[in-house]
file run.txt (compact mmCIF, C-alpha atoms and all ligand atoms)
# COMPACT_ATOMS: atom_id res chain seq x y z
CA MET A 2 101.31 12.34 115.29
CA ARG A 3 103.18 13.15 118.46
CA VAL A 4 103.57 16.88 118.82
CA LEU A 5 105.65 18.87 121.31
CA ILE A 6 104.52 22.40 122.09
CA THR A 7 106.86 24.51 124.16
CA GLY A 8 104.91 27.33 125.77
CA GLY A 9 101.70 25.35 125.31
CA ALA A 10 100.11 26.82 128.44
CA GLY A 11 100.25 30.30 126.98
CA TYR A 12 97.52 32.19 125.25
CA ILE A 13 98.39 31.15 121.69
CA GLY A 14 100.00 27.84 122.69
CA SER A 15 96.95 26.52 124.50
CA HIS A 16 94.69 27.21 121.52
CA LEU A 17 97.18 25.37 119.34
CA VAL A 18 97.06 22.45 121.78
CA ASP A 19 93.26 22.37 121.52
CA ALA A 20 93.39 22.34 117.72
CA LEU A 21 95.97 19.54 117.64
CA ILE A 22 94.13 17.38 120.17
CA LYS A 23 90.92 17.91 118.20
CA ARG A 24 92.70 16.56 115.13
CA GLY A 25 93.57 13.39 117.02
CA ASN A 26 97.23 14.07 117.78
CA GLU A 27 99.12 13.22 120.94
CA VAL A 28 100.39 16.44 122.49
CA LEU A 29 103.12 17.12 125.03
CA VAL A 30 103.34 20.61 126.51
CA ILE A 31 106.43 21.91 128.26
CA ASP A 32 105.79 25.23 129.95
CA ASN A 33 107.21 26.75 133.13
CA LEU A 34 104.01 28.75 133.73
CA SER A 35 105.92 32.03 133.80
CA THR A 36 103.27 33.76 131.73
CA GLY A 37 101.35 30.64 130.70
CA LYS A 38 98.59 29.40 132.96
CA ILE A 39 97.41 25.95 133.90
CA GLU A 40 93.82 27.25 133.62
CA ASN A 41 94.38 27.42 129.87
CA LEU A 42 94.89 23.65 129.83
CA ARG A 43 92.86 22.46 132.78
CA HIS A 44 90.13 21.04 130.53
CA LEU A 45 92.73 18.70 129.00
CA LEU A 46 94.34 17.39 132.18
CA GLY A 47 93.61 13.66 132.29
CA HIS A 48 92.91 13.48 128.54
CA PRO A 49 94.65 10.32 127.27
CA SER A 50 96.40 12.16 124.42
CA PHE A 51 97.57 15.12 126.48
CA HIS A 52 100.69 15.39 128.62
CA PHE A 53 101.99 18.36 130.54
CA ILE A 54 105.37 19.05 132.10
CA ASN A 55 105.88 22.11 134.23
CA ASP A 56 109.48 23.00 133.48
CA SER A 57 111.70 25.40 131.63
CA ILE A 58 112.94 24.95 128.07
CA LEU A 59 116.37 25.75 129.49
CA ASN A 60 116.27 22.26 131.06
CA GLU A 61 117.99 20.57 128.15
CA PRO A 62 118.32 17.05 129.66
CA LEU A 63 114.56 16.99 130.25
CA LEU A 64 113.77 18.12 126.71
CA GLU A 65 116.20 15.58 125.34
CA ARG A 66 114.18 12.77 126.91
CA PHE A 67 111.15 13.70 124.82
CA VAL A 68 112.30 15.30 121.57
CA PRO A 69 113.47 12.00 119.97
CA SER A 70 109.95 10.53 120.02
CA MET A 71 108.24 13.59 118.51
CA ASP A 72 107.06 14.01 114.93
CA LEU A 73 106.67 17.78 115.06
CA ILE A 74 107.67 20.63 117.40
CA PHE A 75 106.01 24.02 117.82
CA HIS A 76 108.35 26.32 119.73
CA LEU A 77 106.27 29.02 121.37
CA ALA A 78 107.94 29.29 124.79
CA ALA A 79 109.27 32.83 125.03
CA ALA A 80 109.08 36.05 126.95
CA VAL A 81 106.35 37.83 125.01
CA GLY A 82 104.86 41.27 124.94
CA VAL A 83 106.68 44.56 125.00
CA ARG A 84 105.68 45.47 128.55
CA ASN A 85 106.68 42.10 129.89
CA VAL A 86 110.08 42.43 128.28
CA LEU A 87 110.51 45.95 129.61
CA GLN A 88 109.91 44.73 133.15
CA ASP A 89 112.78 42.23 133.01
CA PRO A 90 114.83 42.62 129.83
CA LEU A 91 117.54 40.25 131.08
CA ALA A 92 115.18 37.34 131.72
CA ALA A 93 113.47 37.97 128.40
CA ILE A 94 116.71 37.92 126.42
CA ASN A 95 117.88 34.77 128.20
CA THR A 96 114.64 32.91 127.62
CA ASN A 97 114.29 33.94 124.03
CA VAL A 98 117.87 33.41 122.93
CA ARG A 99 119.12 30.55 125.10
CA GLY A 100 115.76 28.77 125.16
CA THR A 101 115.52 28.73 121.40
CA GLU A 102 119.14 27.66 121.11
CA VAL A 103 118.32 24.60 123.23
CA VAL A 104 115.09 23.68 121.42
CA LEU A 105 116.45 24.21 117.92
CA GLY A 106 119.68 22.41 118.82
CA LEU A 107 117.70 19.33 119.85
CA ALA A 108 115.45 19.52 116.79
CA PHE A 109 118.66 19.49 114.75
CA LYS A 110 120.20 16.63 116.68
CA TYR A 111 117.15 14.40 116.29
CA TRP A 112 116.11 15.88 112.93
CA LYS A 113 112.60 17.05 113.76
CA ARG A 114 110.36 19.41 111.87
CA LEU A 115 109.88 22.61 113.86
CA VAL A 116 107.77 25.76 113.69
CA LEU A 117 109.25 28.78 115.45
CA ALA A 118 106.83 31.38 116.79
CA SER A 119 108.10 34.87 116.09
CA THR A 120 106.55 38.29 116.05
CA SER A 121 105.73 41.31 113.95
CA GLU A 122 107.90 43.20 116.46
CA ILE A 123 110.72 41.89 114.24
CA TYR A 124 110.07 44.78 111.82
CA GLY A 125 110.63 47.33 114.58
CA LYS A 126 109.62 50.87 113.65
CA ALA A 127 109.88 50.44 109.90
CA SER A 128 107.64 53.07 108.37
CA HIS A 129 106.93 51.48 105.03
CA VAL A 130 103.78 49.34 105.29
CA PRO A 131 102.74 46.67 104.57
CA PHE A 132 105.70 44.73 105.99
CA ARG A 133 106.97 42.03 103.66
CA GLU A 134 108.83 39.10 105.12
CA ASP A 135 112.09 40.09 103.44
CA ASP A 136 111.87 43.80 104.33
CA ASP A 137 114.62 45.62 106.19
CA ARG A 138 114.17 45.85 109.93
CA VAL A 139 114.33 49.29 111.56
CA LEU A 140 115.31 49.36 115.21
CA GLY A 141 116.28 52.03 117.67
CA SER A 142 119.27 52.22 119.96
CA THR A 143 120.25 49.27 122.16
CA ALA A 144 119.74 51.66 125.09
CA VAL A 145 116.00 51.43 124.39
CA ALA A 146 114.96 48.18 126.06
CA ARG A 147 111.94 47.70 123.81
CA TRP A 148 114.16 46.70 120.91
CA SER A 149 115.71 43.84 122.85
CA TYR A 150 112.51 41.89 122.23
CA SER A 151 112.79 42.38 118.47
CA MET A 152 116.50 41.59 118.60
CA SER A 153 116.08 38.42 120.65
CA LYS A 154 113.43 37.08 118.31
CA ALA A 155 115.60 38.05 115.35
CA VAL A 156 118.45 35.97 116.80
CA ASP A 157 115.95 33.09 117.08
CA GLU A 158 115.04 33.55 113.43
CA HIS A 159 118.69 33.64 112.42
CA PHE A 160 119.20 30.34 114.25
CA ALA A 161 116.21 28.89 112.43
CA PHE A 162 117.40 30.06 109.02
CA ALA A 163 120.90 28.76 109.76
CA TYR A 164 119.55 25.31 110.60
CA ALA A 165 117.25 25.46 107.56
CA ALA A 166 120.34 26.12 105.44
CA LYS A 167 121.67 22.81 106.76
CA GLY A 168 118.49 21.14 105.61
CA LEU A 169 116.49 21.04 108.84
CA PRO A 170 112.73 21.34 108.17
CA VAL A 171 112.03 24.60 109.98
CA SER A 172 109.45 27.35 109.41
CA ILE A 173 108.80 30.67 111.13
CA VAL A 174 105.50 32.40 111.84
CA ARG A 175 105.38 36.10 112.73
CA TYR A 176 102.21 36.94 114.60
CA PHE A 177 100.52 40.30 114.25
CA ASN A 178 98.69 41.46 117.39
CA SER A 179 96.74 38.31 118.05
CA TYR A 180 93.75 38.51 120.39
CA GLY A 181 91.01 36.24 121.66
CA PRO A 182 89.88 34.21 124.68
CA ARG A 183 92.60 33.44 127.28
CA LEU A 184 94.35 36.78 126.88
CA ASP A 185 96.05 37.70 130.12
CA GLU A 186 93.80 39.93 132.18
CA ARG A 187 96.70 42.18 133.12
CA GLY A 188 96.96 43.09 129.47
CA TYR A 189 100.53 41.86 129.03
CA GLY A 190 101.30 42.36 125.39
CA SER A 191 97.74 43.15 124.48
CA VAL A 192 95.95 46.43 124.26
CA VAL A 193 92.78 44.44 123.51
CA ALA A 194 92.86 42.75 126.93
CA ASN A 195 93.69 46.02 128.62
CA PHE A 196 90.83 47.89 127.02
CA ILE A 197 88.29 45.12 127.65
CA ARG A 198 89.30 44.92 131.32
CA GLN A 199 89.02 48.68 131.68
CA ALA A 200 85.68 48.79 129.86
CA LEU A 201 84.16 45.98 131.95
CA ARG A 202 85.28 47.60 135.20
CA GLY A 203 84.13 51.06 134.21
CA ASP A 204 87.70 52.38 134.46
CA SER A 205 89.08 54.88 131.97
CA ILE A 206 90.11 53.29 128.67
CA THR A 207 93.70 54.47 128.40
CA VAL A 208 94.79 55.35 124.87
CA HIS A 209 98.52 56.02 124.60
CA GLY A 210 99.70 59.08 122.72
CA ASP A 211 97.26 60.41 120.12
CA GLY A 212 95.71 56.98 119.50
CA LYS A 213 96.46 57.22 115.78
CA GLN A 214 99.06 54.45 115.89
CA THR A 215 97.70 51.40 114.09
CA ARG A 216 97.77 47.62 114.40
CA CYS A 217 96.15 44.74 112.51
CA PHE A 218 94.37 42.70 115.16
CA THR A 219 94.30 39.02 114.35
CA TYR A 220 91.82 36.65 115.94
CA ILE A 221 93.28 33.59 117.65
CA GLU A 222 91.58 31.10 115.30
CA ASP A 223 93.38 32.71 112.39
CA ALA A 224 96.73 32.76 114.21
CA VAL A 225 96.35 29.04 114.99
CA ALA A 226 95.30 28.19 111.44
CA GLY A 227 98.43 29.89 110.06
CA THR A 228 100.64 28.12 112.60
CA LEU A 229 99.25 24.69 111.73
CA LEU A 230 99.75 25.30 108.02
CA ALA A 231 103.37 26.28 108.66
CA GLY A 232 103.87 22.86 110.27
CA GLU A 233 102.19 20.96 107.43
CA VAL A 234 102.84 22.50 104.06
CA LYS A 235 106.01 21.48 102.22
CA GLU A 236 106.46 24.95 100.73
CA ALA A 237 106.74 26.37 104.27
CA LEU A 238 110.16 24.82 104.88
CA GLY A 239 112.95 27.32 105.34
CA GLU A 240 110.52 30.25 105.16
CA ALA A 241 109.13 32.95 107.46
CA PHE A 242 105.49 34.04 107.20
CA ASN A 243 103.47 37.00 108.38
CA ILE A 244 100.39 35.62 110.08
CA GLY A 245 97.94 38.45 110.41
CA SER A 246 94.82 40.24 109.39
CA THR A 247 95.24 43.09 106.91
CA ARG A 248 92.56 45.26 108.47
CA GLU A 249 94.38 48.22 109.95
CA SER A 250 92.76 49.85 113.00
CA SER A 251 93.89 52.81 115.01
CA ILE A 252 94.15 52.31 118.75
CA LEU A 253 91.55 55.05 119.26
CA ASP A 254 89.11 53.22 116.98
CA LEU A 255 89.78 50.01 118.88
CA ALA A 256 88.98 51.81 122.15
CA LYS A 257 85.71 53.10 120.68
CA ALA A 258 84.75 49.67 119.34
CA ILE A 259 85.40 47.99 122.69
CA LYS A 260 83.49 50.69 124.55
CA ARG A 261 80.54 50.22 122.19
CA LEU A 262 80.56 46.41 122.21
CA THR A 263 80.78 46.20 126.00
CA ARG A 264 78.19 49.01 126.37
CA SER A 265 80.64 50.54 128.81
CA LYS A 266 80.36 53.97 130.37
CA SER A 267 84.14 54.19 130.71
CA PRO A 268 85.61 57.45 129.45
CA ILE A 269 88.32 57.21 126.80
CA GLU A 270 91.40 58.91 128.22
CA PHE A 271 94.55 59.89 126.38
CA VAL A 272 97.67 59.18 128.42
CA ALA A 273 101.37 59.70 127.73
CA TYR A 274 103.35 56.62 126.73
CA GLU A 275 105.79 57.29 129.56
CA ALA A 276 103.09 56.78 132.17
CA TYR A 277 102.78 53.14 131.08
CA TYR A 278 106.15 52.16 129.69
CA GLY A 279 108.52 54.51 131.51
CA GLU A 280 110.88 57.07 130.03
CA GLY A 281 112.41 56.78 126.59
CA PHE A 282 109.78 54.53 125.04
CA GLU A 283 109.50 54.30 121.26
CA ASP A 284 106.38 52.99 119.58
CA THR A 285 105.71 51.47 116.19
CA ARG A 286 103.45 53.92 114.42
CA ARG A 287 101.85 51.64 111.84
CA ARG A 288 102.02 47.87 111.67
CA VAL A 289 100.44 46.08 108.73
CA PRO A 290 101.45 42.69 107.31
CA SER A 291 101.82 41.83 103.69
CA VAL A 292 100.12 38.45 103.55
CA ASP A 293 100.89 37.66 99.92
CA LYS A 294 103.51 35.09 100.81
CA ALA A 295 101.36 33.32 103.42
CA LYS A 296 98.52 33.22 100.93
CA ARG A 297 100.65 31.96 98.08
CA LEU A 298 102.68 29.31 99.89
CA LEU A 299 100.47 28.33 102.83
CA GLY A 300 97.03 29.11 101.44
CA PHE A 301 96.50 31.26 104.54
CA THR A 302 94.22 34.26 104.89
CA ALA A 303 92.77 35.62 108.11
CA LYS A 304 89.02 35.10 108.11
CA VAL A 305 87.57 36.47 111.34
CA ASP A 306 86.54 40.09 111.19
CA LEU A 307 87.43 42.41 114.04
CA GLU A 308 83.93 42.98 115.35
CA ALA A 309 83.09 39.25 115.43
CA GLY A 310 86.42 38.44 117.09
CA LEU A 311 86.01 41.19 119.67
CA LYS A 312 82.52 39.96 120.55
CA LYS A 313 83.79 36.45 121.24
CA THR A 314 86.73 37.81 123.21
CA ILE A 315 84.52 40.11 125.27
CA ALA A 316 82.13 37.22 126.03
CA TRP A 317 85.06 35.20 127.36
CA CYS A 318 86.46 38.12 129.34
CA ARG A 319 83.08 38.73 130.99
CA GLU A 320 83.28 35.17 132.35
CA HIS A 321 86.93 35.15 133.31
CA PHE A 322 88.09 38.66 134.23
CA ALA A 323 87.50 39.94 137.74
CA HIS A 324 85.18 42.93 137.45
N1 LIG K 1 98.23 50.75 124.11
C1 LIG K 1 97.33 51.71 124.56
N2 LIG K 1 96.75 51.53 125.77
C2 LIG K 1 97.00 50.45 126.57
C3 LIG K 1 97.91 49.45 126.11
C4 LIG K 1 98.51 49.65 124.86
O1 LIG K 1 97.07 52.70 123.87
O2 LIG K 1 96.43 50.37 127.66
C5 LIG K 1 98.87 50.94 122.80
C6 LIG K 1 100.37 50.74 122.78
O3 LIG K 1 101.04 51.91 123.19
C7 LIG K 1 100.60 50.42 121.32
C8 LIG K 1 99.34 49.65 120.93
O4 LIG K 1 98.36 49.96 121.91
O5 LIG K 1 100.66 51.59 120.56
C9 LIG K 1 99.51 48.14 120.88
O6 LIG K 1 100.08 47.71 122.10
P1 LIG K 1 100.20 46.19 122.51
O7 LIG K 1 100.89 46.16 123.84
O8 LIG K 1 98.88 45.54 122.40
O9 LIG K 1 101.10 45.50 121.41
P2 LIG K 1 102.36 45.99 120.51
O10 LIG K 1 101.77 46.15 119.15
O11 LIG K 1 102.93 47.24 121.06
O12 LIG K 1 103.28 44.84 120.58

call {"tool": "encode", "arguments": {"input": "run.txt", "output": "structure tokens", "more": "lines below"}}
Ligand code: UDP
result
Amino acid sequence: MRVLITGGAGYIGSHLVDALIKRGNEVLVIDNLSTGKIENLRHLLGHPSFHFINDSILNEPLLERFVPSMDLIFHLAAAVGVRNVLQDPLAAINTNVRGTEVVLGLAFKYWKRLVLASTSEIYGKASHVPFREDDDRVLGSTAVARWSYSMSKAVDEHFAFAYAAKGLPVSIVRYFNSYGPRLDERGYGSVVANFIRQALRGDSITVHGDGKQTRCFTYIEDAVAGTLLAGEVKEALGEAFNIGSTRESSILDLAKAIKRLTRSKSPIEFVAYEAYYGEGFEDTRRRVPSVDKAKRLLGFTAKVDLEAGLKKTIAWCREHFAH
């Protein structure tokens, strides 16, 4: 198969590329390296089945040269991570909304199966966990920039569902706090990367608020497995899926686990949200996926337990983070 991966130089995208190449597919990555990194793909440069174009998904004529010859598209190119979005909300909205409009429009024109990468941020600050795919979304005011990320991805999902209603073979995956090798050292969009960097350097491990907010950390292998299934299984068409682990951890417990596994002497320090995100930040208190639908229709369940996943991630970070 010939597979196009937008955002394939990113943390999740590059792992997806590896999995698809391993299965014997021909892969084309289009990525403008805004948050993606060529290091994530360097081992594949020169591989006969791998092709890379450094450009934006907003370059429609370029995309249109390649989409017709593809069998499958994974659309992962996006501004990701709450902090990243907060730093430039305008760029994030443009990339996420206009970029997806271009990619989905071409998938529709040339009738290609597509998997859209979305996020658990979609659910906003809904307080009723676990989050089911068809649950209501609960968002704050449009004056709070954080929610623009959720909104922009929701527009993407609406596009996808609208095309699906016209018969296009489209599926959506909503990732839940994925972590693993190749996380950005600066911790964009990942408390795991932030804590590991801090622990390895001996800096304070900075827990926001009271540290009782929870997330379900999902190892990259599981996130990739769910994504591949969404591009394969017939029952996935026209559907959105939570792709996540169901093990709920508090941020304070995560800090303790990372401190222990790195044998770090770093103190755990509680800091105000505002110090990191600026004024007027709103957090999601608990985030837990319902994975019933992914299990039933895709046959997906997350397999890697948190401790095992953290160990592998820490081993990679020791090699690749400056400390
Ligand atoms: N967080 C933290 N310390 C950090 C970075 C993040 O306590 O150095 C918290 C953050 O406030 C949030 C949780 O960890 O409550 C998860 O943040 P992340 O950016 O990983 O992803 P999110 O789930 O917010 O998209």

call {"tool": "residues_near_ligand", "arguments": {"input": "run.txt", "ligand": "ligand LIG 1 (chain K)", "cutoff": "8 Å", "atoms": "only C-alpha atoms and all ligand atoms", "output": "CSV table (one decimal) with C-alpha atoms, in the coordinates of the input"}}
result
chain,number,residue,atom,x,y,z
A,82,GLY,CA,104.9,41.3,124.9
A,83,VAL,CA,106.7,44.6,125.0
A,84,ARG,CA,105.7,45.5,128.6
A,121,SER,CA,105.7,41.3,114.0
A,122,GLU,CA,107.9,43.2,116.5
A,177,PHE,CA,100.5,40.3,114.2
A,178,ASN,CA,98.7,41.5,117.4
A,188,GLY,CA,97.0,43.1,129.5
A,189,TYR,CA,100.5,41.9,129.0
A,190,GLY,CA,101.3,42.4,125.4
A,191,SER,CA,97.7,43.2,124.5
A,192,VAL,CA,96.0,46.4,124.3
A,193,VAL,CA,92.8,44.4,123.5
A,195,ASN,CA,93.7,46.0,128.6
A,196,PHE,CA,90.8,47.9,127.0
A,206,ILE,CA,90.1,53.3,128.7
A,207,THR,CA,93.7,54.5,128.4
A,208,VAL,CA,94.8,55.4,124.9
A,209,HIS,CA,98.5,56.0,124.6
A,210,GLY,CA,99.7,59.1,122.7
A,212,GLY,CA,95.7,57.0,119.5
A,214,GLN,CA,99.1,54.4,115.9
A,215,THR,CA,97.7,51.4,114.1
A,216,ARG,CA,97.8,47.6,114.4
A,252,ILE,CA,94.2,52.3,118.8
A,253,LEU,CA,91.6,55.0,119.3
A,272,VAL,CA,97.7,59.2,128.4
A,274,TYR,CA,103.4,56.6,126.7
A,277,TYR,CA,102.8,53.1,131.1
A,284,ASP,CA,106.4,53.0,119.6
A,285,THR,CA,105.7,51.5,116.2
A,286,ARG,CA,103.4,53.9,114.4
A,288,ARG,CA,102.0,47.9,111.7

call {"tool": "closest_residue", "arguments": {"input": "run.txt", "among": "A:Arg133, A:Lys313, A:Lys154, A:Lys213", "to": "Ile94 (chain A)", "atoms": "only C-alpha atoms"}}
result
A:Lys154

call {"tool": "residues_around", "arguments": {"input": "run.txt", "residues": "Thr36 (chain A)", "least_positions_apart": "4", "cutoff": "9 Å", "atoms": "all atoms listed in the file", "output": "list in words"}}
result
Gly8, Ala10, Gly11, Tyr12, Ala80, Val81, Asp185 and Tyr189 of chain A

call {"tool": "write_last_selection", "arguments": {"input": "run.txt", "atoms": "C-alpha atoms", "output": "JSON list (two decimals), in the frame of the given file"}}
result
[["chain", "number", "residue", "atom", "x", "y", "z"],
["A", 8, "GLY", "CA", 104.91, 27.33, 125.77],
["A", 10, "ALA", "CA", 100.11, 26.82, 128.44],
["A", 11, "GLY", "CA", 100.25, 30.30, 126.98],
["A", 12, "TYR", "CA", 97.52, 32.19, 125.25],
["A", 80, "ALA", "CA", 109.08, 36.05, 126.95],
["A", 81, "VAL", "CA", 106.35, 37.83, 125.01],
["A", 185, "ASP", "CA", 96.05, 37.70, 130.12],
["A", 189, "TYR", "CA", 100.53, 41.86, 129.03]]

call {"tool": "closest_residue", "arguments": {"input": "run.txt", "among": "A:Ala224, A:Ala79, A:Cys318, A:Ala200", "to": "Ser265 (chain A)", "atoms": "all atoms listed in the file"}}
result
A:Ala200

call {"tool": "closest_residue", "arguments": {"input": "run.txt", "among": "A:Asn60, A:Val30, A:Arg261, A:Phe160", "to": "Leu46 (chain A)", "atoms": "only C-alpha atoms"}}
result
A:Val30

call {"tool": "closest_residue", "arguments": {"input": "run.txt", "among": "A:Ser205, A:Asn26, A:Asn243, A:Thr143", "to": "Tyr124 (chain A)", "atoms": "only C-alpha atoms"}}
result
A:Asn243

call {"tool": "residues_around", "arguments": {"input": "run.txt", "residues": "Ser128 (chain A)", "least_positions_apart": "2", "cutoff": "7 Å", "atoms": "only C-alpha atoms", "output": "ChimeraX atom specification"}}
result
/A:126,130,287

call {"tool": "atom_distance", "arguments": {"input": "run.txt", "atom1": "CA of Ile244 (chain A)", "atom2": "CA of Leu77 (chain A)"}}
result
14.3 Å

call {"tool": "residues_near_point", "arguments": {"input": "run.txt", "point": "(92.7, 32.4, 123.0)", "cutoff": "10 Å", "atoms": "all atoms listed in the file", "output": "list in words"}}
result
Gly11, Tyr12, Ile13, Gly14, Ser15, His16, Leu17, Asn41, Ser179, Tyr180, Gly181, Pro182, Arg183, Leu184, Asp185, Tyr220, Ile221, Glu222, Ala224, Val225, Lys313, Thr314 and Trp317 of chain A

call {"tool": "residues_around", "arguments": {"input": "run.txt", "residues": "Val18 (chain A)", "least_positions_apart": "3", "cutoff": "8 Å", "atoms": "only C-alpha atoms", "output": "PyMOL selection string"}}
result
chain A and resi 6+9+14-15+21-22+28

call {"tool": "write_last_selection", "arguments": {"input": "run.txt", "atoms": "C-alpha atoms", "output": "PDB file, in the frame of the given file"}}
result
ATOM      1  CA  ILE A   6     104.520  22.400 122.090  1.00  0.00           C
ATOM      2  CA  GLY A   9     101.700  25.350 125.310  1.00  0.00           C
ATOM      3  CA  GLY A  14     100.000  27.840 122.690  1.00  0.00           C
ATOM      4  CA  SER A  15      96.950  26.520 124.500  1.00  0.00           C
ATOM      5  CA  LEU A  21      95.970  19.540 117.640  1.00  0.00           C
ATOM      6  CA  ILE A  22      94.130  17.380 120.170  1.00  0.00           C
ATOM      7  CA  VAL A  28     100.390  16.440 122.490  1.00  0.00           C
TER       8      VAL A  28
END

call {"tool": "closest_residue", "arguments": {"input": "run.txt", "among": "A:Arg3, A:Lys38, A:Arg99, A:Arg248", "to": "Asp72 (chain A)", "atoms": "only C-alpha atoms"}}
result
A:Arg3

call {"tool": "atom_distance", "arguments": {"input": "run.txt", "atom1": "CA of Phe242 (chain A)", "atom2": "CA of Val289 (chain A)"}}
result
13.1 Å

call {"tool": "atom_distance", "arguments": {"input": "run.txt", "atom1": "CA of Asp89 (chain A)", "atom2": "CA of Arg187 (chain A)"}}
result
16.1 Å

call {"tool": "axis_aligned_box", "arguments": {"input": "run.txt", "around": "region 291-305 of chain A", "padding_each_side": "8 Å", "output": "JSON"}}
result
{"center_x": 95.5, "center_y": 35.1, "center_z": 104.7, "size_x": 31.9, "size_y": 29.5, "size_z": 29.3}
